[in-house]
Each structure stands twice: as C-alpha cells, then as structure tokens.
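Below: entry08.pdb (PDB, C-alpha atoms)
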```pdb
ATOM      1  CA  MET A  91       0.000   0.000   0.000  1.00  0.00           C
ATOM      2  CA  ALA A  92       2.867   2.361   0.805  1.00  0.00           C
ATOM      3  CA  ASN A  93       4.354   1.870  -2.657  1.00  0.00           C
ATOM      4  CA  VAL A  94       1.049   2.738  -4.314  1.00  0.00           C
ATOM      5  CA  LEU A  95       0.744   5.928  -2.247  1.00  0.00           C
ATOM      6  CA  PHE A  96       4.363   6.868  -2.963  1.00  0.00           C
ATOM      7  CA  TYR A  97       3.956   6.451  -6.708  1.00  0.00           C
ATOM      8  CA  THR A  98       0.631   8.305  -6.637  1.00  0.00           C
ATOM      9  CA  PHE A  99       2.060  11.318  -4.774  1.00  0.00           C
ATOM     10  CA  ALA A 100       5.265  11.281  -6.832  1.00  0.00           C
ATOM     11  CA  LEU A 101       3.330  11.131 -10.100  1.00  0.00           C
ATOM     12  CA  LEU A 102       1.010  13.900  -8.908  1.00  0.00           C
ATOM     13  CA  ALA A 103       3.974  16.112  -7.997  1.00  0.00           C
ATOM     14  CA  LEU A 104       5.900  15.454 -11.226  1.00  0.00           C
ATOM     15  CA  VAL A 105       3.010  15.767 -13.664  1.00  0.00           C
ATOM     16  CA  SER A 106       1.633  18.909 -12.051  1.00  0.00           C
ATOM     17  CA  ALA A 107       5.143  20.461 -11.917  1.00  0.00           C
ATOM     18  CA  LEU A 108       5.550  19.729 -15.617  1.00  0.00           C
ATOM     19  CA  LEU A 109       2.166  21.319 -16.285  1.00  0.00           C
ATOM     20  CA  VAL A 110       3.283  24.429 -14.365  1.00  0.00           C
ATOM     21  CA  VAL A 111       6.128  24.848 -16.823  1.00  0.00           C
ATOM     22  CA  VAL A 112       4.320  24.103 -20.087  1.00  0.00           C
ATOM     23  CA  ASN A 113       0.987  25.800 -19.321  1.00  0.00           C
ATOM     24  CA  LYS A 114       0.427  29.114 -21.116  1.00  0.00           C
ATOM     25  CA  ASN A 115      -2.296  30.374 -18.774  1.00  0.00           C
ATOM     26  CA  PRO A 116      -0.654  31.794 -15.603  1.00  0.00           C
ATOM     27  CA  ILE A 117      -3.713  31.155 -13.423  1.00  0.00           C
ATOM     28  CA  ASN A 118      -3.731  27.487 -14.394  1.00  0.00           C
ATOM     29  CA  GLY A 119       0.034  27.380 -13.818  1.00  0.00           C
ATOM     30  CA  ALA A 120      -0.426  28.659 -10.261  1.00  0.00           C
ATOM     31  CA  MET A 121      -3.134  26.066  -9.636  1.00  0.00           C
ATOM     32  CA  PHE A 122      -0.859  23.294 -10.917  1.00  0.00           C
ATOM     33  CA  LEU A 123       1.865  24.639  -8.602  1.00  0.00           C
ATOM     34  CA  LEU A 124      -0.574  24.258  -5.725  1.00  0.00           C
ATOM     35  CA  LEU A 125      -1.318  20.693  -6.806  1.00  0.00           C
ATOM     36  CA  SER A 126       2.400  19.940  -7.035  1.00  0.00           C
ATOM     37  CA  LEU A 127       2.916  21.227  -3.495  1.00  0.00           C
ATOM     38  CA  VAL A 128       0.085  18.990  -2.283  1.00  0.00           C
ATOM     39  CA  GLY A 129       1.848  16.002  -3.864  1.00  0.00           C
ATOM     40  CA  LEU A 130       5.101  16.944  -2.116  1.00  0.00           C
ATOM     41  CA  ALA A 131       3.259  17.327   1.187  1.00  0.00           C
ATOM     42  CA  GLY A 132       1.885  13.820   0.730  1.00  0.00           C
ATOM     43  CA  LEU A 133       5.432  12.532   0.244  1.00  0.00           C
ATOM     44  CA  PHE A 134       6.520  14.331   3.429  1.00  0.00           C
ATOM     45  CA  VAL A 135       3.668  12.705   5.359  1.00  0.00           C
ATOM     46  CA  MET A 136       4.814   9.303   4.090  1.00  0.00           C
ATOM     47  CA  LEU A 137       8.308  10.099   5.437  1.00  0.00           C
ATOM     48  CA  ASP A 138       6.779  10.766   8.896  1.00  0.00           C
ATOM     49  CA  ALA A 139       7.548  14.464   8.537  1.00  0.00           C
ATOM     50  CA  ALA A 140       4.049  15.757   9.215  1.00  0.00           C
ATOM     51  CA  LEU A 141       5.347  19.085  10.490  1.00  0.00           C
ATOM     52  CA  LEU A 142       7.219  19.731   7.239  1.00  0.00           C
ATOM     53  CA  ALA A 143       4.126  18.782   5.254  1.00  0.00           C
ATOM     54  CA  PHE A 144       2.033  21.171   7.342  1.00  0.00           C
ATOM     55  CA  VAL A 145       4.551  23.991   6.919  1.00  0.00           C
ATOM     56  CA  LEU A 146       4.744  23.308   3.171  1.00  0.00           C
ATOM     57  CA  ILE A 147       0.975  23.559   2.808  1.00  0.00           C
ATOM     58  CA  LEU A 148       0.637  26.512   5.171  1.00  0.00           C
ATOM     59  CA  VAL A 149       3.538  28.639   3.926  1.00  0.00           C
ATOM     60  CA  TYR A 150       4.088  27.711   0.295  1.00  0.00           C
ATOM     61  CA  ALA A 151       0.635  26.615  -0.792  1.00  0.00           C
ATOM     62  CA  GLY A 152      -1.167  29.114   1.387  1.00  0.00           C
ATOM     63  CA  ALA A 153       1.023  32.186   1.119  1.00  0.00           C
ATOM     64  CA  VAL A 154       3.266  31.887  -1.926  1.00  0.00           C
ATOM     65  CA  VAL A 155       0.650  30.572  -4.352  1.00  0.00           C
ATOM     66  CA  ALA A 156      -1.821  33.175  -3.073  1.00  0.00           C
ATOM     67  CA  LEU A 157       0.851  35.836  -3.674  1.00  0.00           C
ATOM     68  CA  PHE A 158       1.374  34.550  -7.223  1.00  0.00           C
ATOM     69  CA  LEU A 159      -2.369  34.655  -7.861  1.00  0.00           C
ATOM     70  CA  PHE A 160      -2.638  38.212  -6.551  1.00  0.00           C
ATOM     71  CA  ILE A 161       0.284  39.302  -8.743  1.00  0.00           C
ATOM     72  CA  ILE A 162      -1.253  37.661 -11.794  1.00  0.00           C
ATOM     73  CA  MET A 163      -4.649  39.226 -11.145  1.00  0.00           C
ATOM     74  CA  LEU A 164      -3.270  42.684 -10.364  1.00  0.00           C
ATOM     75  CA  LEU A 165      -1.103  42.773 -13.469  1.00  0.00           C
ATOM     76  CA  ASP A 166      -4.075  41.800 -15.659  1.00  0.00           C
ATOM     77  CA  THR A 167      -2.470  39.317 -18.022  1.00  0.00           C
ATOM     78  CA  THR A 168      -3.857  39.326 -21.515  1.00  0.00           C
ATOM     79  CA  PRO A 169      -2.312  37.392 -24.373  1.00  0.00           C
ATOM     80  CA  GLY A 170      -0.421  39.120 -27.125  1.00  0.00           C
ATOM     81  CA  GLY A 171       1.830  41.746 -25.533  1.00  0.00           C
ATOM     82  CA  PHE A 172       5.079  39.802 -25.400  1.00  0.00           C
ATOM     83  CA  LYS A 173       8.406  40.954 -26.796  1.00  0.00           C
ATOM     84  CA  PRO A 174      10.355  38.667 -29.099  1.00  0.00           C
ATOM     85  CA  PHE A 175      13.444  37.018 -27.681  1.00  0.00           C
ATOM     86  CA  ARG A 176      16.600  39.053 -27.932  1.00  0.00           C
ATOM     87  CA  LYS A 177      20.257  38.172 -27.601  1.00  0.00           C
ATOM     88  CA  LEU A 178      20.312  39.188 -23.933  1.00  0.00           C
ATOM     89  CA  THR A 179      17.290  36.992 -23.193  1.00  0.00           C
ATOM     90  CA  MET A 180      18.896  34.030 -24.926  1.00  0.00           C
ATOM     91  CA  ALA A 181      22.172  34.617 -23.050  1.00  0.00           C
ATOM     92  CA  ALA A 182      20.322  34.778 -19.718  1.00  0.00           C
ATOM     93  CA  ALA A 183      18.421  31.574 -20.561  1.00  0.00           C
ATOM     94  CA  THR A 184      21.690  29.824 -21.460  1.00  0.00           C
ATOM     95  CA  ILE A 185      23.358  30.943 -18.225  1.00  0.00           C
ATOM     96  CA  GLY A 186      20.293  29.866 -16.234  1.00  0.00           C
ATOM     97  CA  GLY A 187      20.326  26.453 -17.920  1.00  0.00           C
ATOM     98  CA  LEU A 188      24.030  25.993 -17.195  1.00  0.00           C
ATOM     99  CA  LEU A 189      23.484  26.961 -13.553  1.00  0.00           C
ATOM    100  CA  LEU A 190      20.635  24.440 -13.354  1.00  0.00           C
ATOM    101  CA  VAL A 191      22.847  21.668 -14.725  1.00  0.00           C
ATOM    102  CA  LEU A 192      25.698  22.658 -12.402  1.00  0.00           C
ATOM    103  CA  GLY A 193      23.341  22.725  -9.406  1.00  0.00           C
ATOM    104  CA  ALA A 194      21.882  19.321 -10.275  1.00  0.00           C
ATOM    105  CA  TYR A 195      25.398  17.896 -10.665  1.00  0.00           C
ATOM    106  CA  THR A 196      26.488  19.365  -7.326  1.00  0.00           C
ATOM    107  CA  VAL A 197      23.438  18.019  -5.516  1.00  0.00           C
ATOM    108  CA  THR A 198      23.882  14.524  -6.986  1.00  0.00           C
ATOM    109  CA  ILE A 199      27.568  14.421  -6.037  1.00  0.00           C
ATOM    110  CA  ASN A 200      26.977  15.574  -2.437  1.00  0.00           C
ATOM    111  CA  VAL A 201      23.856  13.571  -1.651  1.00  0.00           C
ATOM    112  CA  PRO A 202      23.230  13.436   2.098  1.00  0.00           C
ATOM    113  CA  PRO A 203      22.023  10.158   3.583  1.00  0.00           C
ATOM    114  CA  ILE A 204      18.320   9.593   2.992  1.00  0.00           C
ATOM    115  CA  ALA A 205      16.278  10.290   6.139  1.00  0.00           C
ATOM    116  CA  ALA A 206      18.729   9.630   8.918  1.00  0.00           C
ATOM    117  CA  PRO A 207      16.701   8.235  11.812  1.00  0.00           C
ATOM    118  CA  LEU A 208      15.998  10.595  14.649  1.00  0.00           C
ATOM    119  CA  HIS A 209      16.942   8.998  17.951  1.00  0.00           C
ATOM    120  CA  ALA A 210      14.676  11.245  19.957  1.00  0.00           C
ATOM    121  CA  ALA A 211      11.014  12.015  19.494  1.00  0.00           C
ATOM    122  CA  PRO A 212      10.435  14.428  16.604  1.00  0.00           C
ATOM    123  CA  SER A 213      10.562  17.985  17.826  1.00  0.00           C
ATOM    124  CA  MET A 214      11.094  21.454  16.430  1.00  0.00           C
ATOM    125  CA  LYS A 215      14.725  21.332  17.544  1.00  0.00           C
ATOM    126  CA  ASN A 216      15.344  18.133  15.572  1.00  0.00           C
ATOM    127  CA  TYR A 217      13.647  19.533  12.472  1.00  0.00           C
ATOM    128  CA  ALA A 218      15.564  22.802  12.734  1.00  0.00           C
ATOM    129  CA  GLU A 219      18.857  20.964  13.171  1.00  0.00           C
ATOM    130  CA  MET A 220      18.185  18.815  10.099  1.00  0.00           C
ATOM    131  CA  LEU A 221      17.071  21.814   8.018  1.00  0.00           C
ATOM    132  CA  PHE A 222      20.075  23.965   8.883  1.00  0.00           C
ATOM    133  CA  THR A 223      22.719  21.230   8.668  1.00  0.00           C
ATOM    134  CA  THR A 224      21.923  18.264   6.459  1.00  0.00           C
ATOM    135  CA  TYR A 225      19.311  19.825   4.186  1.00  0.00           C
ATOM    136  CA  LEU A 226      20.516  23.430   4.066  1.00  0.00           C
ATOM    137  CA  LEU A 227      21.353  23.393   0.345  1.00  0.00           C
ATOM    138  CA  PRO A 228      17.983  21.970  -0.815  1.00  0.00           C
ATOM    139  CA  VAL A 229      16.091  24.470   1.354  1.00  0.00           C
ATOM    140  CA  GLN A 230      18.122  27.353  -0.080  1.00  0.00           C
ATOM    141  CA  LEU A 231      17.609  26.062  -3.631  1.00  0.00           C
ATOM    142  CA  VAL A 232      13.839  25.892  -3.130  1.00  0.00           C
ATOM    143  CA  GLY A 233      13.795  29.470  -1.834  1.00  0.00           C
ATOM    144  CA  PHE A 234      15.884  30.635  -4.796  1.00  0.00           C
ATOM    145  CA  LEU A 235      13.639  28.802  -7.266  1.00  0.00           C
ATOM    146  CA  LEU A 236      10.566  30.421  -5.719  1.00  0.00           C
ATOM    147  CA  LEU A 237      12.188  33.841  -6.093  1.00  0.00           C
ATOM    148  CA  ILE A 238      12.935  33.097  -9.755  1.00  0.00           C
ATOM    149  CA  ALA A 239       9.361  31.899 -10.272  1.00  0.00           C
ATOM    150  CA  MET A 240       7.953  35.068  -8.739  1.00  0.00           C
ATOM    151  CA  LEU A 241      10.174  37.241 -10.943  1.00  0.00           C
ATOM    152  CA  GLY A 242       9.179  35.158 -13.953  1.00  0.00           C
ATOM    153  CA  VAL A 243       5.498  35.703 -13.211  1.00  0.00           C
ATOM    154  CA  ILE A 244       6.054  39.447 -13.017  1.00  0.00           C
ATOM    155  CA  VAL A 245       8.087  39.588 -16.243  1.00  0.00           C
ATOM    156  CA  LEU A 246       5.677  37.365 -18.171  1.00  0.00           C
ATOM    157  CA  SER A 247       2.684  39.363 -16.936  1.00  0.00           C
ATOM    158  CA  LYS A 248       4.126  42.754 -17.886  1.00  0.00           C
ATOM    159  CA  LYS A 249       2.632  44.420 -20.929  1.00  0.00           C
ATOM    160  CA  PHE A 250       5.029  45.856 -23.473  1.00  0.00           C
ATOM    161  CA  ALA A 251       4.307  48.606 -25.954  1.00  0.00           C
ATOM    162  CA  PRO A 252       4.868  47.584 -29.567  1.00  0.00           C
ATOM    163  CA  VAL A 253       8.295  48.521 -30.868  1.00  0.00           C
ATOM    164  CA  GLU A 254       8.178  51.064 -33.679  1.00  0.00           C
ATOM    165  CA  ASP A 255      10.540  50.453 -36.597  1.00  0.00           C
ATOM    166  CA  GLU A 256      12.964  53.344 -37.019  1.00  0.00           C
ATOM    167  CA  LYS A 257      13.460  54.493 -40.586  1.00  0.00           C
TER     168      LYS A 257
END
```
Take the structure from the file and write it as structure tokens.
Amino acid sequence: MANVLFYTFALLALVSALLVVVNKNPINGAMFLLLSLVGLAGLFVMLDAALLAFVLILVYAGAVVALFLFIIMLLDTTPGGFKPFRKLTMAAATIGGLLLVLGAYTVTINVPPIAAPLHAAPSMKNYAEMLFTTYLLPVQLVGFLLLIAMLGVIVLSKKFAPVEDEK
C-alpha cells in the first residue's frame, strides 16, 4: 500500500510540476503549482515528517501561491503583448540552464544520507537541526527557485508597448 501511495504522490507532484512549466495560462500554472505542493506534502507525510508537510501547505501553498495569484490578477495578463526574444534573453536563458545543470550535478555528487533516523522524538529542535545542517542546500535552492518563479510571473505578466521600426 505504501508503494502505491508513494507512486501516486510522486506522479502527482511530477506531472503537475511539468504542467506548471508548459501551461500558457498563468492562473492554471499557479493552480498546478498548488497541486504539485500537495503532492510533495503527501510525500513528506509518508516520510513521517508531518510538520514539514504542514509547513509546506501553510507557507508555500497558502502564502506563496496566493501571492502569485494576486500578482497575476493585479497585473491583468492578456495574451499578445510579449516581446520577441533578444540576444540578452537568450544569453540569460543559457546561463540559467548551465546553472541548473551545475546545481543538479552538485546536488547529486553531495547527496546526504536519505532520512537519517531521529533517535529522539520528533521535535522542532530536531527539524531545525536537520534543516540547517543536512538539508541546508535543498532548502536554499527551493527558496531561490521560488524567487525566480515570482520574478518570472512578473516579467511574463508585464505588458510591453509595440516597438516602432525606425526608418
């Protein structure tokens, strides 16, 4: 039964995360982000980390996704006002892709042990110690990715005036 739940939550998280990236409608993308966070919370519950699952739902799903939705609604996204890609945009995308590959390589080389058993009863002190020692890099990466996502929502939602051809 545990394997079925694991694969269900993992599939939910992966498919909805993929739909966040490929979806053109920003409101639907935010909703798929919420669904992805629910899948991750389910995986945390299966790891007996109910506090982390609760914090994930409360902080990220409750506050961050709501912030994204407010930004999207306040900026009034309508299709059609996007600038074509320029050399600077392509260079930034290339640098971002290289940083992603480098980060993935670094994380796979320095993989911490999977869920080291806690010898004491789970407490806030134990969670804090694990977050700020063993899992510091993944927590920082998630925060950085959320910052990039928020900036991406703002940039994609911004309306641009059409560029006049100079003669």
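Restricting the calculation to only C-alpha atoms, the smallest distance between Thr198 of chain A and any of A:Gly242, A:Pro228, A:Gly233, A:Gly186 is found for A:Pro228.
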Write out as a PyMOL selection string the residues lying within 8 Å of Leu123 of chain A, counting only C-alpha atoms and excluding same-chain residues fewer than 4 positions away. chain A and resi 106-107+110+119+127+155
Using only the atoms of segment 122-138 of chain A listed in the file, plus 6 Å on each side, state the axis-aligned box centre and edge lengths in Å rounded to one decimal, as JSON.
```
{"center_x": 3.5, "center_y": 17.0, "center_z": -1.0, "size_x": 21.6, "size_y": 27.3, "size_z": 31.8}
```
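For the pair atom CA of Gln230 of chain A and atom CA of Val145 of chain A, the separation is 15.6 Å.
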Nearest to Val232 of chain A, chosen from A:Phe134, A:Phe160, A:Tyr195, A:Tyr150, with only C-alpha atoms counted in the distances: A:Tyr150
Who sits within 8 Å of Val243 of chain A, all atoms listed in the file, same chain under 4 positions skipped, as a PyMOL selection string: chain A and resi 116+158+161-162+239+247
Might you spell out which residues the PyMOL selection byres ((chain A and resi 151) around 9) would select in the displayed file, as a VMD selection string? chain A and resid 123 to 125 127 to 128 146 to 150 152 to 156
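One finds atom CA of Ala194 of chain A at 10.4 Å from atom CA of Leu231 of chain A.
Our summary of the geometry notes that atom CA of Leu246 of chain A is positioned 15.8 Å from atom CA of Leu178 of chain A.
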Could you tell me which of A:Asn113, A:Thr98, A:Ser213, A:Asn118 comes closest to Met136 of chain A if we count only C-alpha atoms? A:Thr98
Which is closer to Tyr217 of chain A than all the others in A:Ala140, A:Val245, A:Leu104, A:Leu189, using only C-alpha atoms? A:Ala140
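If only C-alpha atoms are the atoms counted, then among A:Ala103, A:Ala120, A:Leu95, A:Leu157 the closest residue to Val135 of chain A is A:Leu95.
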Please, could N, CA and C atoms be added to segment 218-252 of chain A and the result written as a short mmCIF file (atom, residue, chain, number, x, y, z; two decimals), in the coordinates of the input?
```cif
data_model
loop_
_atom_site.label_atom_id
_atom_site.label_comp_id
_atom_site.auth_asym_id
_atom_site.auth_seq_id
_atom_site.Cartn_x
_atom_site.Cartn_y
_atom_site.Cartn_z
N ALA A 218 14.72 21.64 13.02
CA ALA A 218 15.56 22.80 12.73
C ALA A 218 17.01 22.38 12.52
N GLU A 219 17.47 21.44 13.32
CA GLU A 219 18.86 20.96 13.17
C GLU A 219 19.05 20.29 11.82
N MET A 220 18.08 19.48 11.40
CA MET A 220 18.18 18.82 10.10
C MET A 220 18.11 19.83 8.95
N LEU A 221 17.22 20.83 9.08
CA LEU A 221 17.07 21.81 8.02
C LEU A 221 18.31 22.68 7.86
N PHE A 222 18.95 23.04 8.96
CA PHE A 222 20.08 23.96 8.88
C PHE A 222 21.43 23.27 8.83
N THR A 223 21.45 21.95 8.83
CA THR A 223 22.72 21.23 8.67
C THR A 223 22.65 20.34 7.44
N THR A 224 21.93 19.26 7.53
CA THR A 224 21.92 18.26 6.46
C THR A 224 21.25 18.77 5.20
N TYR A 225 20.11 19.44 5.34
CA TYR A 225 19.31 19.82 4.19
C TYR A 225 19.34 21.33 3.92
N LEU A 226 20.43 21.99 4.27
CA LEU A 226 20.52 23.43 4.07
C LEU A 226 20.52 23.79 2.58
N LEU A 227 21.29 23.08 1.77
CA LEU A 227 21.35 23.39 0.34
C LEU A 227 20.01 23.20 -0.35
N PRO A 228 19.30 22.09 -0.15
CA PRO A 228 17.98 21.97 -0.82
C PRO A 228 16.99 23.04 -0.38
N VAL A 229 17.01 23.43 0.89
CA VAL A 229 16.09 24.47 1.35
C VAL A 229 16.43 25.80 0.68
N GLN A 230 17.71 26.12 0.57
CA GLN A 230 18.12 27.35 -0.08
C GLN A 230 17.78 27.33 -1.57
N LEU A 231 17.95 26.18 -2.21
CA LEU A 231 17.61 26.06 -3.63
C LEU A 231 16.11 26.26 -3.87
N VAL A 232 15.28 25.71 -2.99
CA VAL A 232 13.84 25.89 -3.13
C VAL A 232 13.47 27.36 -2.97
N GLY A 233 14.06 28.04 -2.01
CA GLY A 233 13.80 29.47 -1.83
C GLY A 233 14.23 30.27 -3.05
N PHE A 234 15.38 29.94 -3.61
CA PHE A 234 15.88 30.64 -4.80
C PHE A 234 14.99 30.37 -6.00
N LEU A 235 14.53 29.13 -6.16
CA LEU A 235 13.64 28.80 -7.27
C LEU A 235 12.31 29.52 -7.14
N LEU A 236 11.81 29.67 -5.91
CA LEU A 236 10.57 30.42 -5.72
C LEU A 236 10.75 31.90 -6.06
N LEU A 237 11.90 32.46 -5.72
CA LEU A 237 12.19 33.84 -6.09
C LEU A 237 12.22 33.99 -7.61
N ILE A 238 12.87 33.06 -8.29
CA ILE A 238 12.94 33.10 -9.76
C ILE A 238 11.54 32.95 -10.35
N ALA A 239 10.72 32.08 -9.77
CA ALA A 239 9.36 31.90 -10.27
C ALA A 239 8.54 33.17 -10.11
N MET A 240 8.70 33.84 -8.97
CA MET A 240 7.95 35.07 -8.74
C MET A 240 8.39 36.15 -9.73
N LEU A 241 9.69 36.27 -9.96
CA LEU A 241 10.17 37.24 -10.94
C LEU A 241 9.71 36.88 -12.35
N GLY A 242 9.67 35.60 -12.65
CA GLY A 242 9.18 35.16 -13.95
C GLY A 242 7.72 35.50 -14.16
N VAL A 243 6.91 35.34 -13.11
CA VAL A 243 5.50 35.70 -13.21
C VAL A 243 5.36 37.19 -13.48
N ILE A 244 6.14 38.00 -12.82
CA ILE A 244 6.05 39.45 -13.02
C ILE A 244 6.49 39.83 -14.43
N VAL A 245 7.59 39.25 -14.90
CA VAL A 245 8.09 39.59 -16.24
C VAL A 245 7.12 39.10 -17.32
N LEU A 246 6.59 37.88 -17.16
CA LEU A 246 5.68 37.36 -18.17
C LEU A 246 4.34 38.10 -18.17
N SER A 247 3.97 38.67 -17.04
CA SER A 247 2.68 39.36 -16.94
C SER A 247 2.76 40.81 -17.39
N LYS A 248 3.96 41.34 -17.53
CA LYS A 248 4.13 42.75 -17.89
C LYS A 248 3.74 42.98 -19.34
N LYS A 249 3.02 44.06 -19.57
CA LYS A 249 2.63 44.42 -20.93
C LYS A 249 3.70 45.31 -21.53
N PHE A 250 4.03 45.06 -22.77
CA PHE A 250 5.03 45.86 -23.47
C PHE A 250 4.36 46.60 -24.61
N ALA A 251 4.80 47.83 -24.82
CA ALA A 251 4.31 48.61 -25.95
C ALA A 251 4.98 48.07 -27.21
N PRO A 252 4.25 48.07 -28.33
CA PRO A 252 4.87 47.58 -29.57
C PRO A 252 6.05 48.46 -29.96
#
```
